[in-house]
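Participant: Quick one: the structure is below, and I'll ask about it shortly.
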Amino acid sequence: MELLKNLPQLNWDNFEETSQVTINICKEMANKDFLTKAIEKVETTPELFDLCEEHELDDKIVIYNDLEKGYRIRLRLGNEDQYERAHNHRFPFTTLILHGTYYQSWYGVKGEFNENTKVEDVTKLCARVEKKGSYFTISDKAIHSTQTDPHTISLVICGPPKKDKTNIINTKTGKVWSKWGKKFESKEQIKKAKMSKERFHFWKEKLKENELIHSY
Amino acid sequence: MEILNKTSIITKLDALPKLNWDNFDETSTITQKLLRELINDKEALRTLVYKVENDTKLLNDCECHELLERIELYNGSDRGFRLRFNFSTEVHSVRPHDHRYSFSTYIAKGTYKHIWYSTNQKIYDEQRDTVAKQWVDKNNYDKESDVDIYKMDPLFIADENKGACYTIHHSTVHATITEPETVSLFLRGPGEKVRSLIADRETNKIWWRYGREDEKDKRIESKKMTLERYYELRGKLENWGLI
């Protein structure tokens with residue numbers, strides 16, 4: 001875990017430089033010894049375990065949290081259900097795919113992307129297939145979607161939030177909604193998203209199965 | 001078997017129905033699958049590359065630019081596509097640009113840094129389509145354009161390594177900062193606008209790229225690939241084991 005102790009301060013306003021730094025950190029972290037220790041630490045550290053979440057399309061295991069320094073590092077764990085939803089993020093992030101495949105699209109939106117955005121305002125700008133070992137950095141201003149193969153696992157370094165909510169549009173049905181940061185969510189919403197011990201162990205087994213952490 | 005295989009993929013290109021680039025999802029799926037099939041069929045690619053030598057039309061469409069050279073492999077313009085090998089040169093510069101056409105690409109060798117930009121400004125003024133024709137390279141750049149590179153924000157950065165494959169819409173503004181001798185198999189759709197943007201970040205100079213029908217003869221001639229250069233690049237493709 002020396003790697004976590006020696007992390008440099010990040011400046012996400014310098015997007016290109018921080019992209020390079022965080023891609024290199026992701027590459028260093030993408031090894032069995034580090035990930036095994038990181039998962040063990042989450043299990044024994046309530047502050048980290050409390051940040052782990054379950055959602056409709058993907059779950060999150062937070063392995064390190066120091067937003068002042070510019071980091072929330074987590075594993076993004078893709079569930080089986082996937083559908084195309086164009087969205088932005090509250091924060092910029094870098095990701096490295098550890099297992100599985102991303103089918104990523106980029107979008108351009110006519111006018112401001114908000115609750116009034118219609119499907120016809122959205123143009124697909126790029127369709128990409130990203131396999132294990134691929135990595136990228138994306139700005140909070142980008143509008144994209146990432147559908148994944150079932151149980152695709154990636155390492156993500158998120159920067160501090162730049163806005164309070166994200167916007168999401170289902171590109172088939174046109175339904176638009178927002179997702180607010182945790183500090184704006186109700187106790188019920190936060191409780192509902194918390195990862196259960198069972199779900200954590202399910203993912204731990206998946207990590208072992210895919211040779212991402214040691215089996216002992 | 002070899003002959004059968006060779007025939008089958010080229011027959012497939014000959015039989016490819018007209019692509020509908022307005023259906024981005026469908027066309028990206030079809031063209032990416034085709035590029036993957038082609039890249040794995042070195043015999044077919046070899047046949048296509050060798051055919052260029054004796055095909056005046058294809059040879060005529062091979063070009064050498066400052067950052068990129070290309071060998072035109074197949075012209076399916078009647079069905080909405082053209083197939084090429086693109087080769088990066090030794091010159092590398094961060095040049096946000098868009099294209100006149102949408103395209104799919106497969107990175108066959110090498111790597112490049114890929115940046116997608118938000119332009120944060122209007123790029124095209126149709127009233128300037130004609131006057132801008134004279135501003136087509138870094139020495140003849142568009143001094144009257146309002147486009148400001150420094151207003152653009154990078155939205156996405158990735159290294160595109162060998163095996164990466166994507167389809168991009170003509171309106172996307174992006175930059176590809178290549179390593180020398182990076183090679184892509186590239187399938188473009190029809191031109192969808194009169195001109196496309198080239199912006200040089202180092203100098204904040206803007207110029208434009210037009211289709212051949214709008215280019216001056218002198219420029220067209222200066223960009224044409226010589227037969228000698230075609231032989232050199234063909235030899236490289238062989239040495240790299242791509243054909």
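Chain labels run A, B, ... following the order of the structure tokens; each chain numbers its residues from 1, and ligands are numbered from 1 in the order shown.
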Can you build me a table of chain A residues sitting at most 6 Å from chain B, with the closest atom pair per residue and its distance in Å to one decimal, using only C-alpha atoms, sorted by chain and residue number, as JSON lines?

Facilitator:
{"residue": "A:Leu125", "atom": "CA", "partner": "B:His169", "partner_atom": "CA", "distance": 4.7}
{"residue": "A:Cys126", "atom": "CA", "partner": "B:Ile168", "partner_atom": "CA", "distance": 4.3}
{"residue": "A:Ala127", "atom": "CA", "partner": "B:Thr167", "partner_atom": "CA", "distance": 5.2}
{"residue": "A:Arg128", "atom": "CA", "partner": "B:Tyr166", "partner_atom": "CA", "distance": 4.4}
{"residue": "A:Phe136", "atom": "CA", "partner": "B:Ala158", "partner_atom": "CA", "distance": 4.3}
{"residue": "A:Thr137", "atom": "CA", "partner": "B:Ile157", "partner_atom": "CA", "distance": 5.1}
{"residue": "A:Ile138", "atom": "CA", "partner": "B:Phe156", "partner_atom": "CA", "distance": 4.4}
{"residue": "A:Ser139", "atom": "CA", "partner": "B:Leu155", "partner_atom": "CA", "distance": 4.8}
{"residue": "A:Ala142", "atom": "CA", "partner": "B:Leu155", "partner_atom": "CA", "distance": 5.3}

Participant: Can you tell me which residues surround Thr130 in chain B at a distance of at most 12 Å, considering only C-alpha atoms, apart from same-chain residues fewer than 3 positions away, and format the answer as number ranges by chain?

Facilitator: B: 124-127, 133-136, 194-195, 208, 210, 214-215

Participant: Any chance you can output those residues with N, CA and C atoms as a compact mmCIF listing (two decimals), in the first residue's frame?

Facilitator:
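File written: out_2.txt
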# COMPACT_ATOMS: atom_id res chain seq x y z
N TYR B 124 -18.56 26.91 -38.15
CA TYR B 124 -18.82 27.15 -39.58
C TYR B 124 -19.76 28.33 -39.82
N ASP B 125 -19.33 29.14 -40.77
CA ASP B 125 -20.18 30.20 -41.27
C ASP B 125 -20.27 29.91 -42.77
N GLU B 126 -21.45 29.43 -43.21
CA GLU B 126 -21.58 28.98 -44.60
C GLU B 126 -21.25 30.07 -45.61
N GLN B 127 -21.45 31.30 -45.19
CA GLN B 127 -21.15 32.41 -46.12
C GLN B 127 -19.66 32.52 -46.43
N LYS B 133 -11.67 29.00 -49.10
CA LYS B 133 -10.97 28.04 -49.97
C LYS B 133 -9.50 28.34 -50.17
N GLN B 134 -9.15 29.61 -49.98
CA GLN B 134 -7.74 29.96 -50.20
C GLN B 134 -6.88 29.64 -48.96
N TRP B 135 -7.52 29.33 -47.83
CA TRP B 135 -6.76 29.09 -46.59
C TRP B 135 -6.70 27.60 -46.31
N VAL B 136 -5.77 26.92 -46.94
CA VAL B 136 -5.79 25.46 -46.88
C VAL B 136 -4.50 24.82 -46.35
N VAL B 194 -19.00 20.94 -46.85
CA VAL B 194 -18.09 21.48 -47.87
C VAL B 194 -16.64 21.43 -47.41
N ARG B 195 -16.43 21.79 -46.14
CA ARG B 195 -15.04 21.88 -45.66
C ARG B 195 -14.96 21.36 -44.24
N TRP B 208 -8.40 25.13 -43.51
CA TRP B 208 -9.55 24.30 -43.85
C TRP B 208 -9.17 23.22 -44.84
N TYR B 210 -10.79 20.95 -47.95
CA TYR B 210 -11.92 20.79 -48.88
C TYR B 210 -11.81 19.45 -49.60
N ASP B 214 -13.13 20.72 -54.88
CA ASP B 214 -13.00 22.14 -54.56
C ASP B 214 -11.54 22.58 -54.43
N GLU B 215 -10.63 21.66 -54.65
CA GLU B 215 -9.21 22.01 -54.47
C GLU B 215 -8.59 22.48 -55.78

Participant: Between CA of Leu98 in chain A and CA of Trp12 in chain A, what is the distance, to one decimal in Å?

Facilitator: 23.3 Å
